[in-house]
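K.L.:
Attaching a single structure in structure tokens format; questions to follow.
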Amino acid sequence: IIEGNTIFNIIESGTNSAIGINIGASTSGTITISNNMISGILANGTSGDYASGIQVSGGAATYIVYHNTIAMNGTITGSTAGTQASVCLAVTNSTMPTLNLKNNIFSNTQIGNTSATVKFACIGIAGTSFAGFTSNNNVFHCSGAGPGTYQIGITGGVVGGTLRTTFADWKTATATDTN
């Protein structure tokens with residue numbers, strides 16, 4: 001259980017990743033991530049590196065992600081233009097784990113550094129099959145001044161996947177988030 005934490009201002013100004021909570025691939029059990037407040041996770045990611053408030057790697061465990069507030073905010077720093085992604089939640093295994101995502105607030109209003117092409121999103125999922133994924137009663141907000149692009153989600157790759165620009169696009173792709 002990872003619960004009740006305040007995590008903020010994790011900044012990578014080089015070209016690597018920055019992650020607030022990182023859960024490696026777990027082979028069994030239930031992992032609960034709830035009631036955490038995460039903000040200001042910034043990475044000037046290039047070559048597959050990115051920023052994420054919560055990262056779930058996958059495996060056979062059941063992941064419960066409830067009542068978290070993630071605000072990916074601030075301006076990316078660094079002299080190299082960021083080229084990858086900034087997401088509130090990343091699921092990095094191409095096989096979707098059992099993941100229950102409910103009652104979270106995901107907001108991404110980050111601003112890219114000079115000449116950045118960063119993809120800003122609420123959720124980035126490596127896979128394209130969403131069996132085992134349930135998501136409902138969340139608040140997703142993603143917008144900003146750039147440079148970079150803003151979308152609700154990314155599927156088929158956290159960094160290089162298909163952009164789901166609107167909430168309707170996200171719902172159609174994942175068959176989730178009725179409410």
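By convention here, the chains of the structure tokens are called A, B, ... in the order presented, each chain's residues are numbered starting at 1, and ligands are numbered starting at 1 in the order presented.
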Per DSSP on the backbone, filter range 14-167 of chain A down to the residues in strand (DSSP E) and report them as a ChimeraX atom specification.
P.N.:
/A:18-23,30-34,37-43,51-56,62-66,69-72,85-91,98-102,105-108,119-125,133-136,139-142,149-155,162-164
K.L.:
Dump as CSV the rows for residues of range 13-34 of chain A within 10 Å of range 78-83 of chain A: closest atom pair and distance in Å with one decimal, only C-alpha atoms counted, ordered by chain and rising residue number.
P.N.:
```
residue,atom,partner,partner_atom,distance
A:Ser13,CA,A:Gly78,CA,4.7
A:Gly14,CA,A:Gly78,CA,6.0
A:Thr15,CA,A:Thr80,CA,7.4
A:Asn16,CA,A:Gly82,CA,9.9
```
K.L.:
At a cut-off of 6 Å, using only C-alpha atoms, what residues contact Ala71 in chain A? Leave out same-chain residues fewer than 4 positions from it and give the result as a list in words.
P.N.:
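Everything that qualifies: Ser39, Ser107 and Asn108 of chain A.
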K.L.:
Write out as a PyMOL selection string the set of residues from range 17-171 of chain A that DSSP, computed on the backbone, places in alpha helix (DSSP H).
P.N.:
chain A and resi 167-171
K.L.:
Quick one: write out the picked residues with N, CA, C and O atoms as an mmCIF file, in the first residue's frame?
P.N.:
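So the final result, stored in selection02.cif, reads:
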```cif
data_model
loop_
_atom_site.group_PDB
_atom_site.id
_atom_site.type_symbol
_atom_site.label_atom_id
_atom_site.label_comp_id
_atom_site.auth_asym_id
_atom_site.auth_seq_id
_atom_site.Cartn_x
_atom_site.Cartn_y
_atom_site.Cartn_z
ATOM 1 N N PHE A 167 -11.308 13.468 -25.003
ATOM 2 C CA PHE A 167 -11.870 12.477 -24.088
ATOM 3 C C PHE A 167 -12.660 11.421 -24.872
ATOM 4 O O PHE A 167 -12.612 10.231 -24.566
ATOM 5 N N ALA A 168 -13.374 11.852 -25.901
ATOM 6 C CA ALA A 168 -14.121 10.903 -26.742
ATOM 7 C C ALA A 168 -13.168 9.911 -27.413
ATOM 8 O O ALA A 168 -13.473 8.710 -27.481
ATOM 9 N N ASP A 169 -12.025 10.385 -27.916
ATOM 10 C CA ASP A 169 -11.018 9.489 -28.514
ATOM 11 C C ASP A 169 -10.551 8.459 -27.489
ATOM 12 O O ASP A 169 -10.405 7.275 -27.799
ATOM 13 N N TRP A 170 -10.277 8.916 -26.271
ATOM 14 C CA TRP A 170 -9.815 8.041 -25.201
ATOM 15 C C TRP A 170 -10.856 6.971 -24.882
ATOM 16 O O TRP A 170 -10.551 5.793 -24.793
ATOM 17 N N LYS A 171 -12.107 7.390 -24.700
ATOM 18 C CA LYS A 171 -13.181 6.451 -24.366
ATOM 19 C C LYS A 171 -13.372 5.414 -25.458
ATOM 20 O O LYS A 171 -13.573 4.234 -25.173
#
```
K.L.:
Quick one: residues within 7 Å of Ile123 in chain A, only C-alpha atoms counted, chain neighbours fewer than 3 positions away excluded, as a PDB file with C-alpha atoms, in the first residue's frame?
P.N.:
```
ATOM      1  CA  VAL A  87       2.142  11.780 -18.336  1.00  0.00           C
ATOM      2  CA  CYS A  88       0.310  11.661 -15.015  1.00  0.00           C
ATOM      3  CA  LEU A  89       0.096   7.846 -15.173  1.00  0.00           C
ATOM      4  CA  ALA A  90       2.294   5.542 -17.266  1.00  0.00           C
ATOM      5  CA  ILE A 152      -5.908  13.063 -22.892  1.00  0.00           C
ATOM      6  CA  GLY A 153      -4.002   9.843 -23.487  1.00  0.00           C
ATOM      7  CA  ILE A 154      -1.447   7.874 -25.472  1.00  0.00           C
TER       8      ILE A 154
END
```
K.L.:
Mind pulling up the distance from CA of Gly29 in chain A to CA of Phe140 in chain A?
P.N.:
28.0 Å
K.L.:
Please indicate the distance in Å from CA of Ala131 in chain A to CA of Thr109 in chain A, rounded to one decimal place.
P.N.:
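A separation of 29.4 Å between them.
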K.L.:
With a distance cut-off of 10 Å and only C-alpha atoms, select the neighbouring residues of Gly161 in chain A, excluding the residue or stretch itself and same-chain residues fewer than 3 positions from it, and output the selection as a ChimeraX atom specification.
P.N.:
/A:124-128,153-158,164
K.L.:
Would you save the residues from that selection as a PDB file, in the first residue's frame, using N, CA, C and O atoms?
P.N.:
```
ATOM      1  N   GLY A 124      -0.490   7.467 -20.286  1.00  0.00           N
ATOM      2  CA  GLY A 124       0.249   6.827 -21.368  1.00  0.00           C
ATOM      3  C   GLY A 124       0.285   5.322 -21.113  1.00  0.00           C
ATOM      4  O   GLY A 124       0.717   4.888 -20.046  1.00  0.00           O
ATOM      5  N   ILE A 125      -0.208   4.543 -22.068  1.00  0.00           N
ATOM      6  CA  ILE A 125      -0.270   3.089 -21.924  1.00  0.00           C
ATOM      7  C   ILE A 125       0.507   2.446 -23.064  1.00  0.00           C
ATOM      8  O   ILE A 125       0.248   2.729 -24.236  1.00  0.00           O
ATOM      9  N   ALA A 126       1.435   1.552 -22.717  1.00  0.00           N
ATOM     10  CA  ALA A 126       2.276   0.912 -23.732  1.00  0.00           C
ATOM     11  C   ALA A 126       1.493  -0.039 -24.611  1.00  0.00           C
ATOM     12  O   ALA A 126       1.776  -0.180 -25.797  1.00  0.00           O
ATOM     13  N   GLY A 127       0.490  -0.702 -24.079  1.00  0.00           N
ATOM     14  CA  GLY A 127      -0.234  -1.727 -24.833  1.00  0.00           C
ATOM     15  C   GLY A 127      -1.368  -1.190 -25.682  1.00  0.00           C
ATOM     16  O   GLY A 127      -1.716  -0.009 -25.623  1.00  0.00           O
ATOM     17  N   THR A 128      -1.968  -2.113 -26.438  1.00  0.00           N
ATOM     18  CA  THR A 128      -3.116  -1.768 -27.275  1.00  0.00           C
ATOM     19  C   THR A 128      -4.338  -2.598 -26.918  1.00  0.00           C
ATOM     20  O   THR A 128      -5.410  -2.386 -27.465  1.00  0.00           O
ATOM     21  N   GLY A 153      -4.760  11.074 -23.684  1.00  0.00           N
ATOM     22  CA  GLY A 153      -4.002   9.843 -23.487  1.00  0.00           C
ATOM     23  C   GLY A 153      -3.149   9.463 -24.676  1.00  0.00           C
ATOM     24  O   GLY A 153      -3.256  10.042 -25.763  1.00  0.00           O
ATOM     25  N   ILE A 154      -2.295   8.463 -24.434  1.00  0.00           N
ATOM     26  CA  ILE A 154      -1.447   7.874 -25.472  1.00  0.00           C
ATOM     27  C   ILE A 154      -1.577   6.367 -25.303  1.00  0.00           C
ATOM     28  O   ILE A 154      -1.420   5.848 -24.202  1.00  0.00           O
ATOM     29  N   THR A 155      -1.874   5.644 -26.376  1.00  0.00           N
ATOM     30  CA  THR A 155      -1.963   4.189 -26.318  1.00  0.00           C
ATOM     31  C   THR A 155      -1.003   3.574 -27.329  1.00  0.00           C
ATOM     32  O   THR A 155      -0.660   4.193 -28.329  1.00  0.00           O
ATOM     33  N   GLY A 156      -0.561   2.360 -27.034  1.00  0.00           N
ATOM     34  CA  GLY A 156       0.367   1.690 -27.942  1.00  0.00           C
ATOM     35  C   GLY A 156       1.797   2.133 -27.761  1.00  0.00           C
ATOM     36  O   GLY A 156       2.642   1.895 -28.610  1.00  0.00           O
ATOM     37  N   GLY A 157       2.093   2.769 -26.647  1.00  0.00           N
ATOM     38  CA  GLY A 157       3.442   3.240 -26.332  1.00  0.00           C
ATOM     39  C   GLY A 157       3.369   4.521 -25.547  1.00  0.00           C
ATOM     40  O   GLY A 157       2.720   5.472 -25.985  1.00  0.00           O
ATOM     41  N   VAL A 158       3.993   4.557 -24.398  1.00  0.00           N
ATOM     42  CA  VAL A 158       3.962   5.764 -23.569  1.00  0.00           C
ATOM     43  C   VAL A 158       4.615   6.918 -24.307  1.00  0.00           C
ATOM     44  O   VAL A 158       4.156   8.054 -24.263  1.00  0.00           O
ATOM     45  N   ARG A 164      -4.433  10.176 -28.227  1.00  0.00           N
ATOM     46  CA  ARG A 164      -5.879  10.231 -28.012  1.00  0.00           C
ATOM     47  C   ARG A 164      -6.183  11.643 -27.526  1.00  0.00           C
ATOM     48  O   ARG A 164      -6.212  11.928 -26.338  1.00  0.00           O
TER      49      ARG A 164
END
```
K.L.:
Given only C-alpha atoms as the basis, pick out the residue of A:Ile10, A:Val91, A:Ile23, A:Ile31 nearest to Ala51 in chain A.
P.N.:
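Nearest to Ala51 in chain A: A:Ile10.
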K.L.:
Between A:Ile19, A:Ala60, A:Ala175, A:Val65, which residue has the minimum interatomic distance to Thr32 in chain A, considering only C-alpha atoms?
P.N.:
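Under the stated criterion, the closest residue is A:Val65.
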K.L.:
What lies within 6 Å of Ile54 in chain A using only C-alpha atoms, ignoring chain neighbours under 6 positions off, as a ChimeraX atom specification?
P.N.:
/A:20-22,89
K.L.:
Find the residue from A:Gly132, A:Gly112, A:Pro97, A:Gly53 that sits nearest to Ser17 in chain A; use only C-alpha atoms when measuring.
P.N.:
A:Gly53
K.L.:
Between A:Thr117, A:Gln84, A:Asn103, A:Thr174, single out the one closest to Ser52 in chain A, counting only C-alpha atoms.
P.N.:
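Going through A:Thr117, A:Gln84, A:Asn103, A:Thr174 one by one, the smallest distance to Ser52 in chain A is for A:Gln84.
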K.L.:
When you count only C-alpha atoms, which of these residues is closest to Leu101 in chain A: A:Thr75, A:Ser129, A:Ser34, A:Thr114?
P.N.:
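Using only C-alpha atoms, the shortest distance to Leu101 in chain A belongs to A:Ser34.
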K.L.:
Quick one: everything within 6 Å of Ala25 in chain A, counting only C-alpha atoms, minus sequence neighbours fewer than 4 positions away in the same chain. Send it as a VMD selection string.
P.N.:
chain A and resid 57 to 59
K.L.:
Mind giving me the straight-line distance from CA of Val56 in chain A to CA of Met72 in chain A in Å, one decimal?
P.N.:
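Distance reported for this atom pair: 16.8 Å.
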K.L.:
Using only C-alpha atoms, which of the listed residues (A:Thr134, A:Thr162, A:Asn104, A:Gln55) sits closest to Thr176 in chain A?
P.N.:
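Smallest distance to Thr176 in chain A is found for A:Thr134.
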